[in-house]
>>> print(open('final08.cif').read())   # mmCIF, C-alpha atoms
data_input
loop_
_atom_site.label_atom_id
_atom_site.label_comp_id
_atom_site.auth_asym_id
_atom_site.auth_seq_id
_atom_site.Cartn_x
_atom_site.Cartn_y
_atom_site.Cartn_z
CA MET A 25 -19.43 60.03 22.25
CA HIS A 26 -16.94 62.85 22.75
CA PRO A 27 -15.65 62.75 26.36
CA ALA A 28 -17.30 66.09 27.12
CA ILE A 29 -20.72 64.59 26.38
CA LYS A 30 -21.43 62.78 29.63
CA ALA A 31 -24.01 62.83 32.39
CA GLY A 32 -23.86 65.88 34.65
CA ASN A 33 -21.88 68.04 32.25
CA VAL A 34 -23.24 71.36 31.01
CA ALA A 35 -24.01 72.24 27.38
CA VAL A 36 -24.74 75.76 26.13
CA ILE A 37 -26.59 75.99 22.81
CA THR A 38 -27.44 79.15 20.89
CA GLY A 39 -30.30 79.09 18.44
CA ALA A 40 -31.83 76.38 20.59
CA GLY A 41 -35.48 77.12 19.94
CA PHE A 42 -37.77 74.26 19.03
CA GLY A 43 -37.59 72.83 15.51
CA GLY A 44 -34.01 73.44 14.44
CA ILE A 45 -30.53 71.97 14.66
CA GLY A 46 -29.99 73.63 18.04
CA PHE A 47 -32.98 71.81 19.48
CA ALA A 48 -31.79 68.53 17.94
CA LEU A 49 -28.44 69.04 19.66
CA ALA A 50 -30.27 69.72 22.93
CA SER A 51 -32.34 66.54 22.51
CA THR A 52 -29.22 64.46 21.94
CA PHE A 53 -27.48 65.93 24.96
CA ALA A 54 -30.58 65.48 27.11
CA GLN A 55 -30.58 61.78 26.26
CA GLN A 56 -27.01 61.66 27.57
CA LYS A 57 -28.22 63.38 30.77
CA LEU A 58 -26.35 66.64 30.29
CA ARG A 59 -27.65 69.80 31.90
CA LEU A 60 -28.66 72.37 29.30
CA ALA A 61 -28.55 76.13 28.85
CA LEU A 62 -30.70 77.05 25.85
CA ILE A 63 -30.29 80.48 24.28
CA ASP A 64 -32.64 81.91 21.66
CA ASN A 65 -34.16 85.27 20.77
CA SER A 66 -37.70 83.84 20.79
CA SER A 67 -39.32 83.17 24.14
CA SER A 68 -42.06 81.08 22.53
CA SER A 69 -39.54 78.82 20.76
CA LEU A 70 -37.58 78.47 23.98
CA ASN A 71 -40.69 77.56 25.95
CA GLU A 72 -41.62 74.97 23.33
CA ALA A 73 -38.11 73.53 23.45
CA VAL A 74 -38.11 73.25 27.23
CA SER A 75 -41.57 71.69 27.19
CA ASN A 76 -40.54 69.04 24.67
CA LEU A 77 -37.27 68.18 26.42
CA LYS A 78 -39.13 67.31 29.63
CA LEU A 79 -36.08 67.91 31.84
CA PRO A 80 -36.20 68.68 35.56
CA GLN A 81 -36.11 72.41 36.23
CA SER A 82 -32.74 71.93 37.91
CA ASP A 83 -31.23 70.63 34.67
CA VAL A 84 -32.33 73.27 32.19
CA LEU A 85 -31.95 77.03 31.86
CA ALA A 86 -33.74 78.98 29.12
CA ILE A 87 -32.25 82.37 28.26
CA GLU A 88 -33.90 84.78 25.86
CA ALA A 89 -31.02 86.76 24.38
CA ASP A 90 -29.79 88.37 21.19
CA VAL A 91 -26.51 86.73 20.16
CA SER A 92 -25.50 89.87 18.26
CA ASP A 93 -25.29 91.75 21.60
CA PHE A 94 -22.03 90.92 23.38
CA GLU A 95 -23.22 92.37 26.68
CA ALA A 96 -26.28 90.11 26.51
CA MET A 97 -24.03 87.11 25.88
CA LYS A 98 -21.77 88.00 28.80
CA LYS A 99 -24.87 88.26 30.98
CA ALA A 100 -26.02 84.87 29.70
CA SER A 101 -22.63 83.37 30.53
CA LYS A 102 -22.89 84.65 34.09
CA SER A 103 -26.38 83.18 34.41
CA VAL A 104 -25.16 79.78 33.24
CA LEU A 105 -22.20 79.79 35.62
CA ASP A 106 -24.38 80.98 38.50
CA LYS A 107 -26.79 78.07 37.95
CA PHE A 108 -24.49 75.24 36.85
CA GLY A 109 -20.99 76.32 37.88
CA LYS A 110 -19.28 75.31 34.64
CA VAL A 111 -19.56 74.85 30.87
CA ASN A 112 -18.31 71.73 29.07
CA VAL A 113 -20.02 71.91 25.67
CA LEU A 114 -20.60 75.05 23.62
CA CYS A 115 -22.70 74.94 20.44
CA LEU A 116 -22.72 78.24 18.54
CA ASN A 117 -25.61 77.51 16.26
CA ALA A 118 -27.80 80.63 16.04
CA GLY A 119 -28.30 81.95 12.53
CA THR A 120 -30.60 83.90 10.28
CA SER A 121 -31.15 84.45 6.59
CA ALA A 122 -32.63 87.13 4.37
CA THR A 123 -32.47 87.78 0.66
CA GLY A 124 -32.52 90.96 -1.36
CA ALA A 125 -29.15 92.52 -0.57
CA SER A 126 -26.57 92.69 -3.33
CA THR A 127 -23.07 94.14 -3.28
CA SER A 128 -24.33 97.44 -4.63
CA ASN A 129 -28.04 98.06 -4.02
CA GLY A 130 -27.58 99.75 -0.65
CA LYS A 131 -29.80 97.45 1.41
CA MET A 132 -27.53 97.76 4.40
CA ASP A 133 -30.21 96.74 6.91
CA ILE A 134 -30.13 93.21 5.46
CA TRP A 135 -26.33 93.11 5.47
CA LYS A 136 -26.23 94.29 9.09
CA LYS A 137 -28.86 91.82 10.30
CA ILE A 138 -27.17 88.81 8.73
CA LEU A 139 -23.63 89.72 9.74
CA ASP A 140 -24.72 90.69 13.27
CA VAL A 141 -26.40 87.33 13.91
CA ASN A 142 -24.44 84.85 11.81
CA LEU A 143 -20.91 86.17 12.27
CA TRP A 144 -20.93 88.44 15.31
CA GLY A 145 -23.24 86.00 17.09
CA VAL A 146 -20.53 83.33 16.81
CA ILE A 147 -17.75 85.75 17.78
CA ASN A 148 -19.75 87.02 20.76
CA GLY A 149 -20.71 83.54 21.90
CA SER A 150 -17.15 82.30 21.68
CA ASN A 151 -15.80 85.25 23.64
CA ALA A 152 -18.48 84.88 26.30
CA PHE A 153 -18.35 81.11 26.78
CA THR A 154 -15.11 79.55 25.53
CA GLU A 155 -13.01 80.64 28.50
CA PRO A 156 -15.29 78.83 30.99
CA VAL A 157 -14.94 75.68 28.85
CA ILE A 158 -11.15 75.99 28.98
CA SER A 159 -10.96 76.87 32.67
CA SER A 160 -13.08 73.89 33.72
CA ASN A 161 -9.94 71.74 33.29
CA GLU A 162 -12.25 69.00 31.99
CA PRO A 163 -12.76 67.67 28.47
CA GLY A 164 -14.51 70.34 26.42
CA LEU A 165 -16.27 70.62 23.10
CA VAL A 166 -17.06 73.59 20.86
CA VAL A 167 -19.33 73.09 17.84
CA ILE A 168 -19.85 75.97 15.41
CA THR A 169 -22.55 75.75 12.76
CA GLY A 170 -21.43 76.93 9.35
CA SER A 171 -22.80 76.53 5.83
CA LYS A 172 -21.70 75.15 2.49
CA GLN A 173 -22.47 78.61 1.13
CA GLY A 174 -19.59 79.88 3.23
CA ILE A 175 -17.26 77.52 1.37
CA THR A 176 -18.44 77.57 -2.26
CA CYS A 177 -20.14 81.01 -2.07
CA PRO A 178 -22.77 80.59 -4.81
CA PRO A 179 -24.06 83.82 -6.37
CA GLY A 180 -27.40 85.19 -5.28
CA ASN A 181 -27.11 85.82 -1.53
CA PRO A 182 -23.80 87.59 -0.89
CA ALA A 183 -24.61 88.73 2.64
CA TYR A 184 -25.28 85.19 3.85
CA ASN A 185 -22.22 83.86 2.01
CA VAL A 186 -19.94 86.48 3.53
CA SER A 187 -21.30 85.81 7.02
CA LYS A 188 -20.77 82.06 6.75
CA ALA A 189 -17.36 82.40 5.09
CA GLY A 190 -16.43 84.48 8.13
CA VAL A 191 -17.81 81.79 10.44
CA LYS A 192 -15.59 79.18 8.72
CA ALA A 193 -12.50 81.36 9.12
CA PHE A 194 -13.34 82.12 12.75
CA ALA A 195 -13.99 78.47 13.59
CA GLU A 196 -10.61 77.53 12.14
CA GLN A 197 -8.96 80.08 14.43
CA VAL A 198 -10.89 78.74 17.44
CA ALA A 199 -9.78 75.19 16.67
CA HIS A 200 -6.14 76.23 16.31
CA GLU A 201 -6.09 78.30 19.50
CA LEU A 202 -7.70 75.50 21.51
CA ARG A 203 -5.30 72.92 20.10
CA GLU A 204 -2.33 75.10 21.01
CA SER A 205 -3.58 75.92 24.51
CA THR A 206 -5.26 72.66 25.60
CA GLY A 207 -3.90 69.95 23.32
CA ASP A 208 -6.81 67.65 22.62
CA ARG A 209 -8.63 68.34 25.90
CA VAL A 210 -10.95 70.96 24.34
CA THR A 211 -11.77 70.43 20.68
CA ALA A 212 -13.60 72.59 18.14
CA HIS A 213 -15.57 71.44 15.12
CA LEU A 214 -17.24 73.16 12.17
CA LEU A 215 -20.65 71.59 11.54
CA VAL A 216 -21.76 72.22 7.96
CA PRO A 217 -25.32 70.97 7.41
CA GLY A 218 -26.69 69.97 4.04
CA TRP A 219 -30.25 70.87 3.06
CA THR A 220 -32.07 70.71 6.38
CA PHE A 221 -35.77 71.29 7.00
CA THR A 222 -35.94 73.95 9.71
CA LYS A 223 -37.77 77.21 10.31
CA LEU A 224 -34.74 79.01 8.86
CA THR A 225 -34.67 77.06 5.60
CA ASN A 226 -38.42 76.64 5.22
CA THR A 227 -38.88 80.09 3.73
CA ALA A 228 -41.76 78.88 1.55
CA GLY A 229 -43.78 77.85 4.61
CA LYS A 230 -44.17 74.24 3.51
CA LYS A 231 -45.91 71.95 5.97
CA GLU A 232 -44.13 68.79 4.82
CA LYS A 233 -40.40 68.18 4.55
CA PRO A 234 -39.17 68.06 0.94
CA ASP A 235 -37.80 64.66 -0.06
CA GLY A 236 -34.30 66.05 -0.64
CA ALA A 237 -33.91 67.57 2.82
CA TRP A 238 -32.82 66.03 6.10
CA TRP A 239 -34.45 66.51 9.47
CA PRO A 240 -32.33 68.42 12.01
CA GLN A 241 -31.91 65.24 14.08
CA GLN A 242 -30.37 63.50 11.07
CA VAL A 243 -27.73 66.22 10.92
CA VAL A 244 -26.88 65.79 14.59
CA ASP A 245 -26.87 61.99 14.36
CA TYR A 246 -24.44 62.26 11.43
CA ALA A 247 -22.23 64.73 13.28
CA MET A 248 -21.80 62.93 16.61
CA PRO A 249 -19.57 60.05 15.36
CA ARG A 250 -17.53 62.55 13.33
CA ILE A 251 -17.01 64.69 16.41
CA GLU A 252 -15.99 61.64 18.41
CA LYS A 253 -13.53 60.75 15.64
CA GLY A 254 -11.99 64.22 15.90
CA ASP A 255 -12.98 65.62 12.50
CA PHE A 256 -12.96 69.40 12.32
CA TYR A 257 -14.81 69.80 9.03
CA ILE A 258 -18.13 67.95 9.30
CA ILE A 259 -19.73 68.34 5.89
CA CYS A 260 -23.19 66.76 5.98
CA PRO A 261 -24.84 65.27 2.91
CA ASP A 262 -28.59 65.21 2.42
CA ASN A 263 -31.02 63.21 0.33
CA ASP A 264 -30.07 65.13 -2.84
CA VAL A 265 -26.34 65.75 -2.48
CA THR A 266 -23.79 63.03 -1.71
CA GLU A 267 -20.51 63.43 0.14
CA ASP A 268 -18.60 62.89 -3.13
CA LEU A 269 -20.54 65.66 -4.87
CA ASP A 270 -19.93 68.05 -1.98
CA LYS A 271 -16.20 67.32 -2.06
CA ALA A 272 -16.03 67.81 -5.82
CA ARG A 273 -17.84 71.17 -5.67
CA MET A 274 -15.56 72.37 -2.89
CA GLU A 275 -12.44 71.18 -4.70
CA TRP A 276 -13.50 73.07 -7.81
CA SER A 277 -14.08 76.24 -5.76
CA ALA A 278 -10.67 75.98 -4.10
CA ASN A 279 -9.06 75.53 -7.50
CA ASP A 280 -10.44 78.87 -8.65
CA VAL A 281 -7.69 80.33 -6.46
CA VAL A 282 -5.01 77.77 -7.29
CA GLN A 283 -5.59 77.99 -11.05
CA ASN A 284 -6.44 81.71 -11.05
CA ARG A 285 -9.75 81.18 -12.77
CA PRO A 286 -12.45 83.87 -12.77
CA ALA A 287 -14.26 84.26 -9.47
CA LEU A 288 -17.08 81.74 -9.00
CA SER A 289 -16.16 80.04 -12.26
CA ARG A 290 -18.53 77.17 -11.53
CA TRP A 291 -21.40 79.46 -12.48
CA SER A 292 -19.68 80.92 -15.56
CA LYS A 293 -20.86 79.91 -19.03
CA GLU A 294 -17.22 79.70 -20.06
CA TYR A 295 -16.58 76.85 -17.60
CA LYS A 296 -19.95 75.10 -17.73
CA ASP A 297 -18.76 72.09 -19.73
CA GLU A 298 -15.43 71.82 -17.93
CA PHE A 299 -17.17 71.87 -14.56
CA ALA A 300 -19.66 69.20 -15.66
CA GLN A 301 -16.80 66.97 -16.84
CA PHE A 302 -14.91 67.54 -13.58
CA ILE A 303 -17.95 66.49 -11.53
CA LYS A 304 -18.42 63.40 -13.69
CA GLU A 305 -14.79 62.38 -13.18
CA LYS A 306 -14.98 62.91 -9.44
CA THR A 307 -18.38 61.32 -8.78
CA GLY A 308 -18.91 58.97 -11.70
CA LYS A 309 -22.16 60.77 -12.52
#
>>> encode(input="final08.cif", output="structure tokens")
Amino acid sequence: MHPAIKAGNVAVITGAGFGGIGFALASTFAQQKLRLALIDNSSSSLNEAVSNLKLPQSDVLAIEADVSDFEAMKKASKSVLDKFGKVNVLCLNAGTSATGASTSNGKMDIWKKILDVNLWGVINGSNAFTEPVISSNEPGLVVITGSKQGITCPPGNPAYNVSKAGVKAFAEQVAHELRESTGDRVTAHLLVPGWTFTKLTNTAGKKEKPDGAWWPQQVVDYAMPRIEKGDFYIICPDNDVTEDLDKARMEWSANDVVQNRPALSRWSKEYKDEFAQFIKEKTGK
């Protein structure tokens, strides 16, 4: 495990309500006997999370808060420090999704909701909690949850793509600043899940996990050794998409810039055959 993940240390997790990646992170940390501060905008999800963790009241703090509100996050930070006295692990995991907004149809309420939670939620959480991690003078860990859509930016949901592309860029800045200021004492990592069966992704309301998806705990179990190894980019596969396929798709997307191809050429009829051949060469399939 990362040196910050040890008994008695304090982990703060946003989007920690029951059933998602945040709760899976909390479960993993609870097994390592960390004390937990769980932040979510749903009191019922928080209560369910606390109930399932079965931690002593002295070791858990549930905070109902909106991550898009910086004042609320500063207040949450004070509550955590008042109860536990420090922060060692910070997981900025809260996110939301909504479809229907394009780049021109004027549905600004959807754009605002997604950017406020997905991007500003990470910025607010980092500004409220990262300094306590640094000032503890102990090993620290920051994990920021991104998305493959923030890297390859497939057409169809521009607001979500923009938010997660911003999260990637912000996480890279966090990692650089921490490396420059603390060396390797406090590390930052971008966790990029594959298809994961959570309340956020289960928009169809299915009762059973699709075969291609991972459970949230699988994502966390995959991430922990990568974090311990020191990887910044933690790109998770799933039961449908392999690591090699992910890398090939991302390489193609990056080469749109390098080769000055049309934007999002992967989805262009003009490049359909070339992309298919590229994937075959890279993955053998």
>>> axis_aligned_box(input="final08.cif", around="region 57-60 of chain A", padding_each_side="3 Å", output="JSON")
{"center_x": -27.5, "center_y": 67.9, "center_z": 30.6, "size_x": 8.3, "size_y": 15.0, "size_z": 8.6}
>>> residues_around(input="final08.cif", residues="Val243 (chain A)", least_positions_apart="4", cutoff="8 Å", atoms="all atoms listed in the file", output="MDAnalysis selection string")
chainID A and resid 45 217:218 220 238:239 247 260
>>> resolve_selection(input="final08.cif", expression="the PyMOL selection byres ((chain A and resi 118) around 9)", output="list in words")
Ile37, Thr38, Gly39, Ala40, Gly46, Ile63, Asp64, Val91, Cys115, Leu116, Asn117, Gly119, Thr120, Val141, Asn142, Gly145, Val146 and Thr169 of chain A
>>> closest_residue(input="final08.cif", among="A:Gly109, A:Tyr295, A:Ile168, A:Ile158", to="Glu204 (chain A)", atoms="all atoms listed in the file")
A:Ile158
>>> atom_distance(input="final08.cif", atom1="CA of Ala212 (chain A)", atom2="CA of Pro182 (chain A)")
26.3 Å
>>> residues_around(input="final08.cif", residues="Gly43 (chain A)", least_positions_apart="4", cutoff="12 Å", atoms="all atoms listed in the file", output="PyMOL selection string")
chain A and resi 39+47-51+68-74+76-77+220-226+239-241
>>> closest_residue(input="final08.cif", among="A:Lys188, A:Lys110, A:Lys78, A:Lys309", to="Asn161 (chain A)", atoms="all atoms listed in the file")
A:Lys110
>>> residues_around(input="final08.cif", residues="Lys57 (chain A)", least_positions_apart="4", cutoff="7 Å", atoms="all atoms listed in the file", output="ChimeraX atom specification")
/A:30-32,53
>>> atom_distance(input="final08.cif", atom1="CA of Asp106 (chain A)", atom2="CA of Gly149 (chain A)")
17.2 Å
>>> resolve_selection(input="final08.cif", expression="the PyMOL selection byres ((chain A and resi 157) around 8)", output="list in words")
Lys110, Val111, Asn112, Val113, Leu114, Phe153, Thr154, Glu155, Pro156, Ile158, Ser159, Ser160, Asn161, Glu162, Gly164, Leu165 and Val210 of chain A
